[in-house]
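What follows is the content of final-v4.txt, which has compact mmCIF, C-alpha atoms:
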# COMPACT_ATOMS: atom_id res chain seq x y z
CA MET V 286 191.25 101.47 126.24
CA SER V 287 194.37 101.80 124.32
CA GLU V 288 193.02 104.85 122.51
CA GLU V 289 192.21 106.47 125.82
CA ASN V 290 195.67 105.65 127.07
CA GLU V 291 197.09 107.15 123.97
CA GLN V 292 194.96 110.25 124.34
CA PHE V 293 195.60 110.77 128.03
CA GLU V 294 199.10 109.36 128.21
CA ILE V 295 201.17 111.31 130.56
CA PRO V 296 204.80 111.02 131.38
CA ASP V 297 205.68 108.36 133.95
CA ARG V 298 207.33 110.85 136.13
CA LEU V 299 204.28 113.02 136.35
CA ALA V 300 202.13 110.03 136.98
CA ASN V 301 204.26 108.88 139.84
CA ALA V 302 204.28 112.37 141.30
CA LEU V 303 200.53 112.60 141.14
CA ARG V 304 200.10 109.14 142.64
CA ASP V 305 202.38 110.07 145.51
CA ALA V 306 200.56 113.36 146.04
CA TYR V 307 197.10 111.74 146.27
CA THR V 308 197.12 110.35 149.75
CA HIS V 309 193.50 111.07 150.75
CA GLN V 310 191.61 107.82 151.40
CA THR V 311 187.86 108.22 152.08
CA GLN V 312 185.79 105.50 153.73
CA ILE V 313 182.07 105.56 152.62
CA PRO V 314 179.80 103.86 155.10
CA PRO V 315 177.79 100.95 153.69
CA ALA V 316 174.56 102.54 154.94
CA ALA V 317 175.12 105.58 152.75
CA ASP V 318 176.01 103.35 149.87
CA ASN V 319 172.82 101.37 150.34
CA ALA V 320 170.77 104.51 150.74
CA VAL V 321 172.07 105.91 147.46
CA LEU V 322 171.50 102.54 145.83
CA SER V 323 167.95 102.23 147.10
CA MET V 324 167.17 105.80 146.06
CA ALA V 325 168.52 105.05 142.62
CA ARG V 326 166.46 101.87 142.46
CA ALA V 327 163.35 103.71 143.62
CA GLU V 328 163.89 106.38 140.98
CA PHE V 329 164.36 103.82 138.22
CA SER V 330 161.33 101.91 139.47
CA ARG V 331 159.22 105.08 139.41
CA ARG V 332 160.31 105.85 135.88
CA ARG V 333 159.49 102.31 134.82
CA ARG V 334 156.02 102.62 136.36
CA MET V 335 155.47 105.92 134.60
CA ARG V 336 156.45 104.37 131.30
CA LEU V 337 154.08 101.43 131.90
CA ILE V 338 151.26 103.78 132.92
CA ALA V 339 151.83 105.88 129.83
CA ARG V 340 151.89 102.79 127.62
CA TRP V 341 148.77 101.23 129.16
CA GLY V 342 147.02 104.57 129.33
CA THR V 343 147.57 105.15 125.65
CA GLY V 344 146.25 101.71 124.83
CA LEU V 345 143.28 102.15 127.11
CA ALA V 346 142.47 105.55 125.63
CA ALA V 347 142.68 104.08 122.13
CA ALA V 348 140.38 101.23 123.13
CA VAL V 349 137.85 103.62 124.67
CA ALA V 350 137.97 105.81 121.59
CA ALA V 351 137.45 102.77 119.37
CA MET V 352 134.49 101.66 121.50
CA ILE V 353 132.95 105.10 121.28
CA VAL V 354 133.37 105.15 117.51
CA ILE V 355 131.83 101.67 117.21
CA ALA V 356 128.96 102.60 119.50
CA ILE V 357 128.25 105.76 117.52
CA SER V 358 128.44 103.98 114.20
CA LEU V 359 126.12 101.23 115.43
CA HIS V 360 123.75 103.82 116.78
CA HIS V 361 123.66 105.61 113.43
CA THR V 362 123.28 102.51 111.33
CA ALA V 363 120.55 101.08 113.52
CA PRO V 364 117.65 102.88 111.78
CA THR V 365 118.69 101.62 108.37
CA LYS V 366 119.37 98.08 109.53
CA SER V 367 116.41 97.58 111.81
CA LEU V 368 113.46 97.99 109.49
CA ALA V 369 110.01 99.06 110.53
CA LYS V 370 108.27 96.33 112.45
CA GLY V 371 106.60 94.11 109.90
CA ASP V 372 108.59 95.26 106.90
CA VAL V 373 109.79 91.72 106.26
CA ASN V 374 110.88 92.25 102.67
CA GLY V 375 112.56 95.54 103.52
CA ASP V 376 110.93 97.61 100.80
CA GLY V 377 110.00 100.40 103.19
CA THR V 378 106.27 99.70 103.18
CA ILE V 379 104.15 97.29 105.13
CA ASN V 380 101.56 95.48 103.12
CA ILE V 381 100.33 92.01 102.25
CA VAL V 382 103.57 91.25 100.39
CA ASP V 383 105.35 91.31 103.74
CA ALA V 384 102.86 88.76 105.03
CA LEU V 385 103.60 86.64 101.97
CA ALA V 386 107.34 86.95 102.59
CA LEU V 387 106.94 85.91 106.20
CA ALA V 388 104.67 83.02 105.25
CA LYS V 389 107.27 81.78 102.80
CA HIS V 390 109.99 82.04 105.44
CA LEU V 391 107.93 79.91 107.77
CA ALA V 392 106.90 77.47 105.06
CA ASN V 393 110.54 76.96 104.09
CA HIS V 394 111.60 76.72 107.75
CA ASP V 395 114.04 79.56 107.15
CA ALA V 396 115.59 81.46 110.00
CA THR V 397 113.33 84.14 111.41
CA GLU V 398 114.16 87.44 113.00
CA LYS V 399 113.11 88.62 116.41
CA GLY V 400 111.47 91.67 114.87
CA TRP V 401 108.96 89.47 113.07
CA ASP V 402 107.35 88.46 116.35
CA LEU V 403 104.63 91.03 115.82
CA ASN V 404 102.26 89.83 118.50
CA GLY V 405 105.07 89.60 121.04
CA ASP V 406 104.38 86.05 122.17
CA GLY V 407 108.00 85.02 121.71
CA VAL V 408 107.30 82.86 118.67
CA VAL V 409 107.21 83.74 114.99
CA ASP V 410 104.29 81.81 113.56
CA GLN V 411 101.04 82.09 111.63
CA LYS V 412 99.65 84.46 114.25
CA ASP V 413 102.34 86.95 113.35
CA ILE V 414 101.47 86.65 109.68
CA ASP V 415 97.84 87.33 110.54
CA THR V 416 98.83 90.27 112.72
CA LEU V 417 100.97 91.67 109.94
CA ALA V 418 98.20 91.27 107.37
CA MET V 419 95.62 92.81 109.69
CA ASN V 420 97.91 95.76 110.29
CA ALA V 421 98.24 96.16 106.54
CA VAL V 422 94.49 96.44 106.05
CA SER V 423 93.76 98.47 109.16
CA LEU V 424 91.78 101.62 108.47
CA LYS V 425 93.63 103.29 111.34
CA GLN V 426 96.82 103.57 109.32
CA PRO V 427 97.77 107.21 108.77
CA ALA V 428 98.03 106.76 105.01
CA VAL V 429 94.59 105.22 104.87
CA ALA V 430 93.10 107.74 107.25
CA ARG V 431 94.11 110.47 104.81
CA ASN V 432 91.57 109.04 102.37
CA SER V 433 93.97 107.87 99.72
CA LEU V 434 91.32 106.92 97.22
CA PRO V 435 90.60 109.43 94.45
CA LYS V 436 87.25 111.13 94.62
CA LEU V 437 84.72 110.61 91.86
CA HIS V 438 85.10 114.25 90.96
CA ASP V 439 88.82 113.69 90.52
CA LEU V 440 88.06 110.83 88.18
CA GLY V 441 85.94 113.14 86.07
CA ILE V 442 82.65 111.60 87.10
CA ASP V 443 79.88 114.00 87.98
CA ARG V 444 76.77 113.14 89.91
CA SER V 445 74.25 113.59 87.14
CA PRO V 446 71.04 111.55 87.34
CA LYS V 447 72.34 109.41 84.53
CA VAL V 448 75.06 107.87 86.62
CA GLY V 449 74.73 104.22 87.32
CA PHE V 450 77.18 101.49 87.94
CA ALA V 451 80.75 102.54 87.53
CA SER V 452 83.52 100.06 87.22
CA ALA V 453 86.98 100.49 88.65
CA ASN V 454 87.72 103.04 85.98
CA GLY V 455 84.69 105.05 86.98
CA VAL V 456 83.06 105.00 83.55
CA PHE V 457 79.35 104.52 83.37
CA ASN V 458 78.40 101.06 82.15
CA ALA V 459 81.78 100.54 80.60
CA PRO V 460 83.64 97.28 80.93
CA PRO V 461 86.25 97.21 83.67
CA LYS V 462 89.52 98.90 82.78
CA THR V 463 93.00 98.78 84.15
CA PHE V 464 94.03 100.26 87.43
CA ALA V 465 96.11 102.90 85.66
CA GLU V 466 93.05 104.00 83.73
CA ALA V 467 90.99 104.05 86.89
CA ASN V 468 93.57 106.22 88.61
CA PRO V 469 94.63 108.75 86.00
CA THR V 470 97.50 111.15 86.39
CA GLU V 471 96.94 114.90 86.56
CA ASP V 472 97.68 115.21 82.84
CA ALA V 473 95.18 112.53 82.03
CA LYS V 474 92.56 114.30 84.13
CA GLU V 475 93.21 117.57 82.30
CA ALA V 476 92.93 115.83 78.97
CA ARG V 477 89.68 114.25 80.02
CA ARG V 478 88.21 117.62 81.08
CA MET R 67 34.54 102.31 106.26
CA LYS R 68 35.95 105.53 107.58
CA ARG R 69 38.29 103.59 109.91
CA LEU R 70 39.42 101.41 107.04
CA ALA R 71 40.30 104.46 105.00
CA ILE R 72 42.32 105.91 107.88
CA LEU R 73 44.18 102.63 108.32
CA PHE R 74 44.93 102.55 104.61
CA LEU R 75 46.30 106.09 104.73
CA VAL R 76 48.45 105.27 107.74
CA ILE R 77 49.92 102.24 105.98
CA ILE R 78 50.68 104.28 102.90
CA GLY R 79 52.23 107.02 105.03
CA VAL R 80 54.48 104.62 106.87
CA GLY R 81 55.53 103.00 103.61
CA ALA R 82 56.36 106.37 102.09
CA ALA R 83 58.42 107.43 105.11
CA GLU R 84 60.74 104.42 104.99
CA PRO R 85 63.57 104.74 102.49
CA SER R 86 63.91 101.79 100.21
CA SER R 87 66.79 99.48 100.96
CA ARG R 88 68.29 96.69 98.93
CA PHE R 89 71.18 94.31 99.20
CA THR R 90 73.57 93.62 96.43
CA TYR R 91 77.11 92.54 95.91
CA VAL R 92 80.09 93.45 93.81
CA ASP R 93 82.79 91.11 92.62
CA VAL R 94 86.35 92.31 92.43
CA PHE R 95 88.58 90.68 89.86
CA ILE R 96 92.32 90.73 89.43
CA ASP R 97 93.96 89.80 86.18
CA PRO R 98 97.68 89.07 86.71
CA LYS R 99 98.14 88.80 82.96
CA GLY R 100 99.96 85.50 82.91
CA LYS R 101 102.00 86.01 86.06
CA PRO R 102 101.31 83.92 89.17
CA LEU R 103 99.30 85.95 91.63
CA ALA R 104 100.48 85.20 95.19
CA ALA R 105 99.45 88.34 97.04
CA TRP R 106 97.09 91.21 96.46
CA GLN R 107 95.87 94.20 98.36
CA PHE R 108 93.54 96.97 97.32
CA GLU R 109 91.25 99.62 98.67
CA PHE R 110 87.60 99.81 97.78
CA ALA R 111 85.12 102.57 98.37
CA ALA R 112 81.49 102.95 97.49
CA GLU R 113 80.43 106.48 96.80
CA VAL R 114 77.14 108.23 96.13
CA GLY R 115 74.13 107.42 98.22
CA GLU R 116 73.72 105.60 101.49
CA ILE R 117 75.82 102.48 101.14
CA SER R 118 77.14 100.15 103.78
CA LEU R 119 79.46 97.22 103.48
CA VAL R 120 77.77 94.32 105.20
CA GLY R 121 79.93 91.35 104.33
CA VAL R 122 83.03 90.02 102.65
CA GLU R 123 83.41 86.69 100.89
CA GLY R 124 86.47 85.07 99.41
CA GLY R 125 87.07 84.61 95.74
CA ASP R 126 87.12 81.71 93.35
CA SER R 127 90.74 80.67 93.30
CA PRO R 128 91.54 77.53 95.30
CA ALA R 129 94.95 79.05 96.02
CA PHE R 130 93.27 81.71 98.14
CA ALA R 131 90.58 79.47 99.59
CA GLU R 132 92.64 78.57 102.64
CA ARG R 133 91.64 81.73 104.43
CA PRO R 134 89.18 84.56 103.88
CA PRO R 135 90.54 87.91 102.78
CA TYR R 136 92.03 90.11 105.46
CA TYR R 137 90.08 93.28 106.22
CA ASP R 138 89.45 95.60 109.11
CA PRO R 139 86.11 94.68 110.72
CA ALA R 140 85.65 98.36 111.43
CA ALA R 141 85.15 98.78 107.70
CA LEU R 142 81.81 97.01 107.87
CA ALA R 143 78.93 99.42 108.11
CA GLY R 144 81.16 101.91 106.35
CA LYS R 145 81.82 102.65 102.73
CA ARG R 146 85.51 102.06 102.59
CA ILE R 147 87.59 98.95 103.08
CA LEU R 148 91.07 97.62 102.61
CA LEU R 149 91.27 94.01 101.49
CA ALA R 150 94.21 91.68 101.09
CA ASN R 151 95.18 88.07 100.88
CA TYR R 152 98.19 85.93 100.08
CA SER R 153 98.90 82.37 99.13
CA VAL R 154 101.94 80.14 99.35
CA ALA R 155 100.25 77.46 97.28
CA ALA R 156 102.14 75.98 94.37
CA ASP R 157 99.28 76.45 91.93
CA LEU R 158 98.69 80.17 91.78
CA PRO R 159 96.18 81.82 89.46
CA LYS R 160 97.68 83.34 86.33
CA ALA R 161 94.51 84.55 84.66
CA LYS R 162 91.69 86.86 85.67
CA VAL R 163 90.22 85.64 88.91
CA ARG R 164 87.57 86.85 91.31
CA VAL R 165 89.41 87.61 94.52
CA VAL R 166 86.60 88.91 96.67
CA ARG R 167 82.86 89.48 96.81
CA LEU R 168 81.60 92.45 98.77
CA MET R 169 78.08 92.52 100.13
CA LEU R 170 76.49 95.93 100.20
CA GLU R 171 73.35 97.47 101.53
CA ILE R 172 72.12 100.36 99.47
CA ARG R 173 69.52 102.66 100.96
CA GLY R 174 67.63 105.06 98.80
CA ASP R 175 67.43 105.29 95.06
CA ALA R 176 70.90 106.62 94.37
CA LYS R 177 72.95 104.48 92.09
CA PRO R 178 76.23 103.58 93.76
CA GLN R 179 79.59 104.19 92.24
CA TYR R 180 82.71 102.33 93.18
CA VAL R 181 86.31 103.36 93.32
CA THR R 182 89.25 101.02 93.75
CA LYS R 183 92.93 101.47 94.25
CA LEU R 184 95.48 98.72 93.93
CA ILE R 185 97.98 98.79 96.78
CA ALA R 186 100.07 95.69 96.10
CA ALA R 187 100.21 92.65 93.87
CA ALA R 188 103.05 90.18 93.89
CA ASP R 189 104.07 86.87 92.43
CA GLY R 190 105.23 83.83 94.35
CA GLU R 191 108.65 85.33 94.86
CA GLY R 192 107.20 88.47 96.35
CA LYS R 193 108.05 90.55 93.32
CA THR R 194 105.62 93.25 92.29
CA ILE R 195 103.56 92.39 89.24
CA THR R 196 101.34 94.49 87.04
CA VAL R 197 97.71 93.50 87.26
CA ASP R 198 94.34 94.75 86.16
CA LEU R 199 91.77 95.37 88.88
CA SER R 200 88.12 95.44 87.97
CA VAL R 201 84.79 95.57 89.74
CA ILE R 202 81.54 94.13 88.52
CA GLU R 203 78.22 94.65 90.27
CA LYS R 204 75.69 91.89 90.56

Hey, can you dump this file as structure tokens for me?
Amino acid sequence: MSEENEQFEIPDRLANALRDAYTHQTQIPPAADNAVLSMARAEFSRRRRMRLIARWGTGLAAAVAAMIVIAISLHHTAPTKSLAKGDVNGDGTINIVDALALAKHLANHDATEKGWDLNGDGVVDQKDIDTLAMNAVSLKQPAVARNSLPKLHDLGIDRSPKVGFASANGVFNAPPKTFAEANPTEDAKEARR
Amino acid sequence: MKRLAILFLVIIGVGAAEPSSRFTYVDVFIDPKGKPLAAWQFEFAAEVGEISLVGVEGGDSPAFAERPPYYDPAALAGKRILLANYSVAADLPKAKVRVVRLMLEIRGDAKPQYVTKLIAAADGEGKTITVDLSVIEK
């Protein structure tokens, strides 16, 4: 205040002259005063609402975006997390080892998953193990339907009159051999020919 | 006498027209080579000649005696079958064991040949083990 007084200090004489010259006295009606006040309040209230809307809107938009991202990520990870029905051990194939895994889960009273209810009766029990095992040996499986077994010709066995009993390795009257020998690779077949 | 001769010829003719048929079986063995065998699955096919699968029996191991092997009933009367079984028993076989006996009907004189393919073999923990699969005919 003192700085202002120092800055705008005018001579006393001039001040008195100015004070004497200013004789105009205006009376502002209270209604106008209130109107201006209410307009000002309304304006400030509007601005406050706008700020709140902007703040909440930003938060809401962020939440929606986050939900979309989560939904998309869950949707994409679903195929890797939810394994093929019956693939209990998660190795990507369904065979008797899955039945074994499920049987062990049940024998140990471990927690079971909803996806293991293969017969859809609402309970994971021995019936589901049987269903799983029967699915594993079904001849209707695409892989089985493609005739996955090697042909005798592929094993290097012709159909000469001399042929008789062949063991798993396909050799006439030879003692049983290993599975690898019974199912030779392409190189092994070439070498045999 | 003439009638008797005709009857004899008819009997011979009928006998010659019918193809011979016999029943036999093959035993399938798995040797887990010292590892406990808790689950196995393989495919079997009989080739050459007119052969039909007519029955499936379980193997020798008490561990697998609880239930017969799993197979698709549609495989019977065919030449090809998928077989499997598992056991959660404590005493699992660790040496060569007969896991299944397959009954076959063979029509005609052709000598059958058998092809097998191991699909899975696992120990008690469900881990894959290396086994030998062999087939022996009766």

**Protein, DNA and RNA residues within 10 Å of (100.1, 87.7, 96.9), all atoms listed in the file, as a ChimeraX atom specification** = /V:381-386 /R:102-107,130,150-154,158,186-195

**Asked** Could you work out how far atom CA of R:Ser87 lies from atom CA of R:Ile147, giving the answer in Å with one decimal?
**Response**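 Answer for the atom CA of R:Ile147 to atom CA of R:Ser87 separation: 20.9 Å.
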
**One-decimal distance in Å that lies between atom CA of V:Arg331 and atom CA of V:Ala317** = 20.8 Å

**R:Met169, R:Ala161, R:Leu149, R:Leu119 ranked by distance to chain V, top pick (using all atoms listed in the file)** =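 Smallest separation from chain V among the options: R:Leu149.
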
**Asked** Using all atoms listed in the file, which of the listed residues (V:Gln411, V:Leu424, V:Ile295, V:Ala392) sits closest to R:Ala156?
**Response**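 Using all atoms listed in the file, R:Ala156 sits closest to V:Ala392.
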
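Using only C-alpha atoms, the shortest contact distance between chain V and any of R:Asp93, R:Glu123, R:Glu116, R:Glu109 is found at R:Glu109.
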
**Asked** What is the distance, in Å and to one decimal place, between atom CA of R:Phe108 and atom CA of R:Ile185?
**Response**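 Distance between the two atoms: 4.8 Å.
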
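Here the question is which of V:Asp376, V:Asp318, V:Asp297, V:Asp406 gets nearest to chain R using only C-alpha atoms, and that residue is V:Asp376.
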
**Request:** Give the answer as one residue: which of R:Ser127, R:Ser200, R:Thr182, R:Lys99 has the shortest atom-to-atom distance to R:Ala111, using only C-alpha atoms?
**Result:**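 That would be R:Thr182, the residue with the smallest distance to R:Ala111.
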
**Selected residue of minimal separation from chain V among R:Ala143, R:Val163, R:Gly124, R:Val94, counting all atoms listed in the file** =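 Looking only at the distances to chain V, the closest residue turns out to be R:Val94.
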
Contact residues around R:Phe89 with only C-alpha atoms at 9 Å, ignoring same-chain residues under 5 positions, as a PDB file with C-alpha atoms, keeping the file's coordinate frame:
ATOM      1  CA  VAL R 120      77.770  94.320 105.200  1.00  0.00           C
ATOM      2  CA  MET R 169      78.080  92.520 100.130  1.00  0.00           C
ATOM      3  CA  LEU R 170      76.490  95.930 100.200  1.00  0.00           C
ATOM      4  CA  GLU R 171      73.350  97.470 101.530  1.00  0.00           C
ATOM      5  CA  ILE R 172      72.120 100.360  99.470  1.00  0.00           C
ATOM      6  CA  ARG R 173      69.520 102.660 100.960  1.00  0.00           C
TER       7      ARG R 173
END

**Message:** Using all atoms listed in the file - which residues lie no farther than 12 Å from the point (97.8, 94.2, 115.0) in the file's frame? Write them as a list in words.
**Reply:**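 Within 12 Å of (97.8, 94.2, 115.0), the protein and nucleic acid residues are Lys370, Gly371, Asp402, Leu403, Asn404, Gly405, Lys412, Asp413, Ile414, Asp415, Thr416, Leu417, Ala418, Met419, Asn420, Ala421, Val422, Ser423, Leu424, Lys425 and Gln426 of chain V; Tyr136, Tyr137 and Asp138 of chain R.
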